[in-house]
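Shown next: model.pdb, given as PDB, N, CA and C atoms.
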ATOM      1  N   MET A   1      12.882   6.637  -1.884  1.00  0.00           N
ATOM      2  CA  MET A   1      11.556   6.382  -2.417  1.00  0.00           C
ATOM      3  C   MET A   1      10.676   5.701  -1.380  1.00  0.00           C
ATOM      4  N   ASN A   2      11.268   5.035  -0.445  1.00  0.00           N
ATOM      5  CA  ASN A   2      10.524   4.306   0.567  1.00  0.00           C
ATOM      6  C   ASN A   2       9.543   5.207   1.309  1.00  0.00           C
ATOM      7  N   GLU A   3       9.981   6.389   1.727  1.00  0.00           N
ATOM      8  CA  GLU A   3       9.106   7.295   2.477  1.00  0.00           C
ATOM      9  C   GLU A   3       7.967   7.824   1.606  1.00  0.00           C
ATOM     10  N   LYS A   4       8.261   8.157   0.371  1.00  0.00           N
ATOM     11  CA  LYS A   4       7.217   8.640  -0.539  1.00  0.00           C
ATOM     12  C   LYS A   4       6.182   7.553  -0.783  1.00  0.00           C
ATOM     13  N   LEU A   5       6.648   6.328  -0.944  1.00  0.00           N
ATOM     14  CA  LEU A   5       5.739   5.207  -1.175  1.00  0.00           C
ATOM     15  C   LEU A   5       4.869   4.972   0.044  1.00  0.00           C
ATOM     16  N   LYS A   6       5.460   5.037   1.231  1.00  0.00           N
ATOM     17  CA  LYS A   6       4.681   4.884   2.469  1.00  0.00           C
ATOM     18  C   LYS A   6       3.591   5.944   2.564  1.00  0.00           C
ATOM     19  N   GLU A   7       3.960   7.186   2.284  1.00  0.00           N
ATOM     20  CA  GLU A   7       2.991   8.280   2.355  1.00  0.00           C
ATOM     21  C   GLU A   7       1.881   8.107   1.322  1.00  0.00           C
ATOM     22  N   TYR A   8       2.240   7.656   0.142  1.00  0.00           N
ATOM     23  CA  TYR A   8       1.260   7.457  -0.926  1.00  0.00           C
ATOM     24  C   TYR A   8       0.267   6.351  -0.559  1.00  0.00           C
ATOM     25  N   ILE A   9       0.772   5.268   0.028  1.00  0.00           N
ATOM     26  CA  ILE A   9      -0.095   4.169   0.464  1.00  0.00           C
ATOM     27  C   ILE A   9      -1.006   4.633   1.593  1.00  0.00           C
ATOM     28  N   GLU A  10      -0.451   5.374   2.556  1.00  0.00           N
ATOM     29  CA  GLU A  10      -1.266   5.894   3.658  1.00  0.00           C
ATOM     30  C   GLU A  10      -2.364   6.818   3.136  1.00  0.00           C
ATOM     31  N   TYR A  11      -2.023   7.634   2.162  1.00  0.00           N
ATOM     32  CA  TYR A  11      -3.006   8.527   1.546  1.00  0.00           C
ATOM     33  C   TYR A  11      -4.118   7.704   0.886  1.00  0.00           C
ATOM     34  N   GLY A  12      -3.737   6.652   0.172  1.00  0.00           N
ATOM     35  CA  GLY A  12      -4.713   5.776  -0.469  1.00  0.00           C
ATOM     36  C   GLY A  12      -5.615   5.087   0.533  1.00  0.00           C
ATOM     37  N   MET A  13      -5.036   4.659   1.649  1.00  0.00           N
ATOM     38  CA  MET A  13      -5.835   4.017   2.699  1.00  0.00           C
ATOM     39  C   MET A  13      -6.834   5.014   3.282  1.00  0.00           C
ATOM     40  N   TYR A  14      -6.386   6.246   3.480  1.00  0.00           N
ATOM     41  CA  TYR A  14      -7.267   7.283   4.001  1.00  0.00           C
ATOM     42  C   TYR A  14      -8.430   7.539   3.042  1.00  0.00           C
ATOM     43  N   LYS A  15      -8.096   7.683   1.743  1.00  0.00           N
ATOM     44  CA  LYS A  15      -9.140   7.944   0.750  1.00  0.00           C
ATOM     45  C   LYS A  15     -10.127   6.782   0.644  1.00  0.00           C
ATOM     46  N   ALA A  16      -9.607   5.546   0.739  1.00  0.00           N
ATOM     47  CA  ALA A  16     -10.456   4.363   0.612  1.00  0.00           C
ATOM     48  C   ALA A  16     -11.153   4.010   1.930  1.00  0.00           C
ATOM     49  N   LYS A  17     -10.791   4.742   2.986  1.00  0.00           N
ATOM     50  CA  LYS A  17     -11.355   4.498   4.320  1.00  0.00           C
ATOM     51  C   LYS A  17     -11.126   3.059   4.767  1.00  0.00           C
ATOM     52  N   LEU A  18      -9.901   2.587   4.559  1.00  0.00           N
ATOM     53  CA  LEU A  18      -9.505   1.248   4.989  1.00  0.00           C
ATOM     54  C   LEU A  18      -8.432   1.359   6.061  1.00  0.00           C
ATOM     55  N   ASN A  19      -8.601   0.575   7.127  1.00  0.00           N
ATOM     56  CA  ASN A  19      -7.523   0.524   8.101  1.00  0.00           C
ATOM     57  C   ASN A  19      -6.608  -0.657   7.764  1.00  0.00           C
ATOM     58  N   LYS A  20      -5.536  -0.805   8.507  1.00  0.00           N
ATOM     59  CA  LYS A  20      -4.541  -1.832   8.196  1.00  0.00           C
ATOM     60  C   LYS A  20      -5.112  -3.237   8.300  1.00  0.00           C
ATOM     61  N   LYS A  21      -5.963  -3.456   9.274  1.00  0.00           N
ATOM     62  CA  LYS A  21      -6.560  -4.788   9.459  1.00  0.00           C
ATOM     63  C   LYS A  21      -7.478  -5.136   8.284  1.00  0.00           C
ATOM     64  N   GLU A  22      -8.300  -4.181   7.864  1.00  0.00           N
ATOM     65  CA  GLU A  22      -9.182  -4.405   6.722  1.00  0.00           C
ATOM     66  C   GLU A  22      -8.380  -4.628   5.443  1.00  0.00           C
ATOM     67  N   LEU A  23      -7.328  -3.843   5.277  1.00  0.00           N
ATOM     68  CA  LEU A  23      -6.488  -3.974   4.092  1.00  0.00           C
ATOM     69  C   LEU A  23      -5.799  -5.335   4.053  1.00  0.00           C
ATOM     70  N   SER A  24      -5.339  -5.814   5.191  1.00  0.00           N
ATOM     71  CA  SER A  24      -4.700  -7.137   5.218  1.00  0.00           C
ATOM     72  C   SER A  24      -5.682  -8.220   4.812  1.00  0.00           C
ATOM     73  N   SER A  25      -6.919  -8.081   5.218  1.00  0.00           N
ATOM     74  CA  SER A  25      -7.948  -9.048   4.853  1.00  0.00           C
ATOM     75  C   SER A  25      -8.217  -9.028   3.350  1.00  0.00           C
ATOM     76  N   VAL A  26      -8.365  -7.845   2.791  1.00  0.00           N
ATOM     77  CA  VAL A  26      -8.631  -7.705   1.365  1.00  0.00           C
ATOM     78  C   VAL A  26      -7.445  -8.212   0.535  1.00  0.00           C
ATOM     79  N   MET A  27      -6.242  -7.993   1.046  1.00  0.00           N
ATOM     80  CA  MET A  27      -5.032  -8.420   0.340  1.00  0.00           C
ATOM     81  C   MET A  27      -4.711  -9.898   0.560  1.00  0.00           C
ATOM     82  N   SER A  28      -5.452 -10.564   1.433  1.00  0.00           N
ATOM     83  CA  SER A  28      -5.213 -11.973   1.782  1.00  0.00           C
ATOM     84  C   SER A  28      -3.822 -12.173   2.386  1.00  0.00           C
ATOM     85  N   LEU A  29      -3.440 -11.225   3.229  1.00  0.00           N
ATOM     86  CA  LEU A  29      -2.187 -11.325   3.967  1.00  0.00           C
ATOM     87  C   LEU A  29      -2.509 -11.323   5.456  1.00  0.00           C
ATOM     88  N   SER A  30      -1.651 -11.949   6.236  1.00  0.00           N
ATOM     89  CA  SER A  30      -1.872 -11.889   7.680  1.00  0.00           C
ATOM     90  C   SER A  30      -1.627 -10.455   8.149  1.00  0.00           C
ATOM     91  N   TYR A  31      -2.237 -10.110   9.263  1.00  0.00           N
ATOM     92  CA  TYR A  31      -2.095  -8.754   9.793  1.00  0.00           C
ATOM     93  C   TYR A  31      -0.630  -8.425  10.112  1.00  0.00           C
ATOM     94  N   PRO A  32       0.117  -9.333  10.785  1.00  0.00           N
ATOM     95  CA  PRO A  32       1.535  -9.018  11.042  1.00  0.00           C
ATOM     96  C   PRO A  32       2.350  -8.831   9.755  1.00  0.00           C
ATOM     97  N   THR A  33       2.056  -9.618   8.731  1.00  0.00           N
ATOM     98  CA  THR A  33       2.764  -9.469   7.456  1.00  0.00           C
ATOM     99  C   THR A  33       2.439  -8.129   6.828  1.00  0.00           C
ATOM    100  N   MET A  34       1.182  -7.727   6.876  1.00  0.00           N
ATOM    101  CA  MET A  34       0.778  -6.443   6.318  1.00  0.00           C
ATOM    102  C   MET A  34       1.472  -5.299   7.059  1.00  0.00           C
ATOM    103  N   LEU A  35       1.527  -5.379   8.379  1.00  0.00           N
ATOM    104  CA  LEU A  35       2.207  -4.341   9.148  1.00  0.00           C
ATOM    105  C   LEU A  35       3.670  -4.227   8.741  1.00  0.00           C
ATOM    106  N   SER A  36       4.310  -5.367   8.571  1.00  0.00           N
ATOM    107  CA  SER A  36       5.715  -5.396   8.178  1.00  0.00           C
ATOM    108  C   SER A  36       5.908  -4.779   6.794  1.00  0.00           C
ATOM    109  N   LYS A  37       5.045  -5.121   5.861  1.00  0.00           N
ATOM    110  CA  LYS A  37       5.162  -4.606   4.497  1.00  0.00           C
ATOM    111  C   LYS A  37       4.830  -3.115   4.435  1.00  0.00           C
ATOM    112  N   LEU A  38       3.882  -2.665   5.230  1.00  0.00           N
ATOM    113  CA  LEU A  38       3.559  -1.239   5.249  1.00  0.00           C
ATOM    114  C   LEU A  38       4.681  -0.425   5.893  1.00  0.00           C
ATOM    115  N   LYS A  39       5.360  -1.028   6.850  1.00  0.00           N
ATOM    116  CA  LYS A  39       6.482  -0.358   7.499  1.00  0.00           C
ATOM    117  C   LYS A  39       7.663  -0.219   6.535  1.00  0.00           C
ATOM    118  N   ASN A  40       7.838  -1.234   5.690  1.00  0.00           N
ATOM    119  CA  ASN A  40       8.910  -1.226   4.701  1.00  0.00           C
ATOM    120  C   ASN A  40       8.335  -1.649   3.351  1.00  0.00           C
ATOM    121  N   PRO A  41       7.715  -0.720   2.613  1.00  0.00           N
ATOM    122  CA  PRO A  41       7.019  -1.051   1.369  1.00  0.00           C
ATOM    123  C   PRO A  41       7.912  -1.645   0.280  1.00  0.00           C
ATOM    124  N   ASP A  42       9.223  -1.503   0.425  1.00  0.00           N
ATOM    125  CA  ASP A  42      10.133  -2.095  -0.561  1.00  0.00           C
ATOM    126  C   ASP A  42      10.046  -3.622  -0.561  1.00  0.00           C
ATOM    127  N   THR A  43       9.447  -4.199   0.473  1.00  0.00           N
ATOM    128  CA  THR A  43       9.338  -5.661   0.563  1.00  0.00           C
ATOM    129  C   THR A  43       8.120  -6.205  -0.182  1.00  0.00           C
ATOM    130  N   PHE A  44       7.242  -5.328  -0.664  1.00  0.00           N
ATOM    131  CA  PHE A  44       6.103  -5.791  -1.461  1.00  0.00           C
ATOM    132  C   PHE A  44       6.601  -6.364  -2.780  1.00  0.00           C
ATOM    133  N   ALA A  45       6.030  -7.479  -3.184  1.00  0.00           N
ATOM    134  CA  ALA A  45       6.283  -8.013  -4.522  1.00  0.00           C
ATOM    135  C   ALA A  45       5.534  -7.124  -5.521  1.00  0.00           C
ATOM    136  N   VAL A  46       5.948  -7.147  -6.760  1.00  0.00           N
ATOM    137  CA  VAL A  46       5.316  -6.306  -7.781  1.00  0.00           C
ATOM    138  C   VAL A  46       3.826  -6.622  -7.890  1.00  0.00           C
ATOM    139  N   LYS A  47       3.476  -7.899  -7.908  1.00  0.00           N
ATOM    140  CA  LYS A  47       2.060  -8.287  -7.997  1.00  0.00           C
ATOM    141  C   LYS A  47       1.276  -7.784  -6.790  1.00  0.00           C
ATOM    142  N   GLU A  48       1.898  -7.813  -5.604  1.00  0.00           N
ATOM    143  CA  GLU A  48       1.231  -7.312  -4.402  1.00  0.00           C
ATOM    144  C   GLU A  48       0.997  -5.806  -4.510  1.00  0.00           C
ATOM    145  N   LEU A  49       1.991  -5.080  -5.018  1.00  0.00           N
ATOM    146  CA  LEU A  49       1.822  -3.629  -5.192  1.00  0.00           C
ATOM    147  C   LEU A  49       0.730  -3.327  -6.207  1.00  0.00           C
ATOM    148  N   GLU A  50       0.685  -4.098  -7.289  1.00  0.00           N
ATOM    149  CA  GLU A  50      -0.368  -3.902  -8.284  1.00  0.00           C
ATOM    150  C   GLU A  50      -1.743  -4.103  -7.648  1.00  0.00           C
ATOM    151  N   LYS A  51      -1.885  -5.173  -6.873  1.00  0.00           N
ATOM    152  CA  LYS A  51      -3.166  -5.456  -6.206  1.00  0.00           C
ATOM    153  C   LYS A  51      -3.495  -4.355  -5.192  1.00  0.00           C
ATOM    154  N   LEU A  52      -2.506  -3.961  -4.407  1.00  0.00           N
ATOM    155  CA  LEU A  52      -2.702  -2.920  -3.406  1.00  0.00           C
ATOM    156  C   LEU A  52      -3.157  -1.614  -4.054  1.00  0.00           C
ATOM    157  N   PHE A  53      -2.491  -1.222  -5.132  1.00  0.00           N
ATOM    158  CA  PHE A  53      -2.838   0.024  -5.792  1.00  0.00           C
ATOM    159  C   PHE A  53      -4.191  -0.066  -6.480  1.00  0.00           C
ATOM    160  N   ASP A  54      -4.572  -1.235  -6.951  1.00  0.00           N
ATOM    161  CA  ASP A  54      -5.924  -1.413  -7.502  1.00  0.00           C
ATOM    162  C   ASP A  54      -6.965  -1.232  -6.401  1.00  0.00           C
ATOM    163  N   ILE A  55      -6.721  -1.842  -5.250  1.00  0.00           N
ATOM    164  CA  ILE A  55      -7.658  -1.748  -4.123  1.00  0.00           C
ATOM    165  C   ILE A  55      -7.798  -0.303  -3.665  1.00  0.00           C
ATOM    166  N   LEU A  56      -6.676   0.398  -3.590  1.00  0.00           N
ATOM    167  CA  LEU A  56      -6.682   1.776  -3.089  1.00  0.00           C
ATOM    168  C   LEU A  56      -6.955   2.806  -4.180  1.00  0.00           C
ATOM    169  N   ASN A  57      -7.139   2.323  -5.412  1.00  0.00           N
ATOM    170  CA  ASN A  57      -7.414   3.200  -6.549  1.00  0.00           C
ATOM    171  C   ASN A  57      -6.318   4.254  -6.724  1.00  0.00           C
ATOM    172  N   LEU A  58      -5.077   3.779  -6.684  1.00  0.00           N
ATOM    173  CA  LEU A  58      -3.918   4.652  -6.865  1.00  0.00           C
ATOM    174  C   LEU A  58      -3.229   4.297  -8.173  1.00  0.00           C
ATOM    175  N   ASP A  59      -2.428   5.200  -8.668  1.00  0.00           N
ATOM    176  CA  ASP A  59      -1.725   5.002  -9.929  1.00  0.00           C
ATOM    177  C   ASP A  59      -0.280   4.612  -9.654  1.00  0.00           C
ATOM    178  N   LEU A  60       0.088   3.380  -9.961  1.00  0.00           N
ATOM    179  CA  LEU A  60       1.422   2.870  -9.706  1.00  0.00           C
ATOM    180  C   LEU A  60       2.467   3.586 -10.552  1.00  0.00           C
ATOM    181  N   VAL A  61       2.142   3.928 -11.769  1.00  0.00           N
ATOM    182  CA  VAL A  61       3.094   4.574 -12.668  1.00  0.00           C
ATOM    183  C   VAL A  61       3.540   5.922 -12.108  1.00  0.00           C
ATOM    184  N   LEU A  62       2.616   6.692 -11.573  1.00  0.00           N
ATOM    185  CA  LEU A  62       2.978   7.996 -11.014  1.00  0.00           C
ATOM    186  C   LEU A  62       3.927   7.837  -9.839  1.00  0.00           C
ATOM    187  N   THR A  63       3.753   6.803  -9.050  1.00  0.00           N
ATOM    188  CA  THR A  63       4.609   6.566  -7.895  1.00  0.00           C
ATOM    189  C   THR A  63       6.028   6.244  -8.329  1.00  0.00           C
ATOM    190  N   ILE A  64       6.164   5.423  -9.347  1.00  0.00           N
ATOM    191  CA  ILE A  64       7.489   5.023  -9.812  1.00  0.00           C
ATOM    192  C   ILE A  64       8.230   6.206 -10.417  1.00  0.00           C
ATOM    193  N   ASN A  65       7.523   7.068 -11.088  1.00  0.00           N
ATOM    194  CA  ASN A  65       8.153   8.205 -11.764  1.00  0.00           C
ATOM    195  C   ASN A  65       8.527   9.349 -10.822  1.00  0.00           C
ATOM    196  N   LYS A  66       8.014   9.374  -9.619  1.00  0.00           N
ATOM    197  CA  LYS A  66       8.290  10.489  -8.706  1.00  0.00           C
ATOM    198  C   LYS A  66       9.625  10.317  -8.019  1.00  0.00           C
TER
END
Show how you would write the structure in this file as structure tokens.
Amino acid sequence: MNEKLKEYIEYGMYKAKLNKKELSSVMSLSYPTMLSKLKNPDTFAVKELEKLFDILNLDLVLTINK
């Protein structure tokens, strides 16, 4: 699921026209922490994923079910 989640987040970033640095700022995470979490999305806390998916306008339920 890790690869699918990474691709889904990248797709959301593309649609939202946000780069990693901008996303880290919006998420209130340091840039190195954001890079680490994007590299291994399994390390996101549930609340962080909820916030991330809200920002990127993605559906968390569809991701979990795939």
So which residues touch stretch 55-58 of chain A within 6.5 Å, counting only N, CA and C atoms, skipping near sequence neighbours fewer than 3 positions away, as a PyMOL selection string?
-> chain A and resi 12-13+16+50-52+61
Serialized selection, N, CA and C atoms, as a PDB file, in the frame of the given file:
ATOM      1  N   GLY A  12      -3.737   6.652   0.172  1.00  0.00           N
ATOM      2  CA  GLY A  12      -4.713   5.776  -0.469  1.00  0.00           C
ATOM      3  C   GLY A  12      -5.615   5.087   0.533  1.00  0.00           C
ATOM      4  N   MET A  13      -5.036   4.659   1.649  1.00  0.00           N
ATOM      5  CA  MET A  13      -5.835   4.017   2.699  1.00  0.00           C
ATOM      6  C   MET A  13      -6.834   5.014   3.282  1.00  0.00           C
ATOM      7  N   ALA A  16      -9.607   5.546   0.739  1.00  0.00           N
ATOM      8  CA  ALA A  16     -10.456   4.363   0.612  1.00  0.00           C
ATOM      9  C   ALA A  16     -11.153   4.010   1.930  1.00  0.00           C
ATOM     10  N   GLU A  50       0.685  -4.098  -7.289  1.00  0.00           N
ATOM     11  CA  GLU A  50      -0.368  -3.902  -8.284  1.00  0.00           C
ATOM     12  C   GLU A  50      -1.743  -4.103  -7.648  1.00  0.00           C
ATOM     13  N   LYS A  51      -1.885  -5.173  -6.873  1.00  0.00           N
ATOM     14  CA  LYS A  51      -3.166  -5.456  -6.206  1.00  0.00           C
ATOM     15  C   LYS A  51      -3.495  -4.355  -5.192  1.00  0.00           C
ATOM     16  N   LEU A  52      -2.506  -3.961  -4.407  1.00  0.00           N
ATOM     17  CA  LEU A  52      -2.702  -2.920  -3.406  1.00  0.00           C
ATOM     18  C   LEU A  52      -3.157  -1.614  -4.054  1.00  0.00           C
ATOM     19  N   VAL A  61       2.142   3.928 -11.769  1.00  0.00           N
ATOM     20  CA  VAL A  61       3.094   4.574 -12.668  1.00  0.00           C
ATOM     21  C   VAL A  61       3.540   5.922 -12.108  1.00  0.00           C
TER      22      VAL A  61
END
Contacts of stretch 2-6 of chain A at 7 Å or less, counting only N, CA and C atoms, minus same-chain residues fewer than 2 places along, as a count of residues only?
-> 9
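Going from atom CA of A:Leu23 to atom CA of A:Ser36 covers 12.9 Å.
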For atom N of A:Lys20 and atom C of A:Ala45, the interatomic separation in Å (one decimal) |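 That distance, rounded to one decimal, is 19.0 Å.
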Give the centre and edge lengths of an axis-aligned box, in Å to one decimal, that holds all listed atoms of stretch 10-28 of chain A with 6 Å on each side, as JSON.
{"center_x": -5.9, "center_y": -1.8, "center_z": 4.5, "size_x": 22.9, "size_y": 32.7, "size_z": 21.9}
Using the chain letters and numbers from this document, which residues of chain A does DSSP assign to alpha helix (DSSP H), as a PyMOL selection string?
-> chain A and resi 2-16+20-27+31-39+46-55+60-65
One decimal, Å: what's the distance from atom N of A:Glu48 over to atom CA of A:Asn19, could you say?
->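 So the answer is 18.6 Å.
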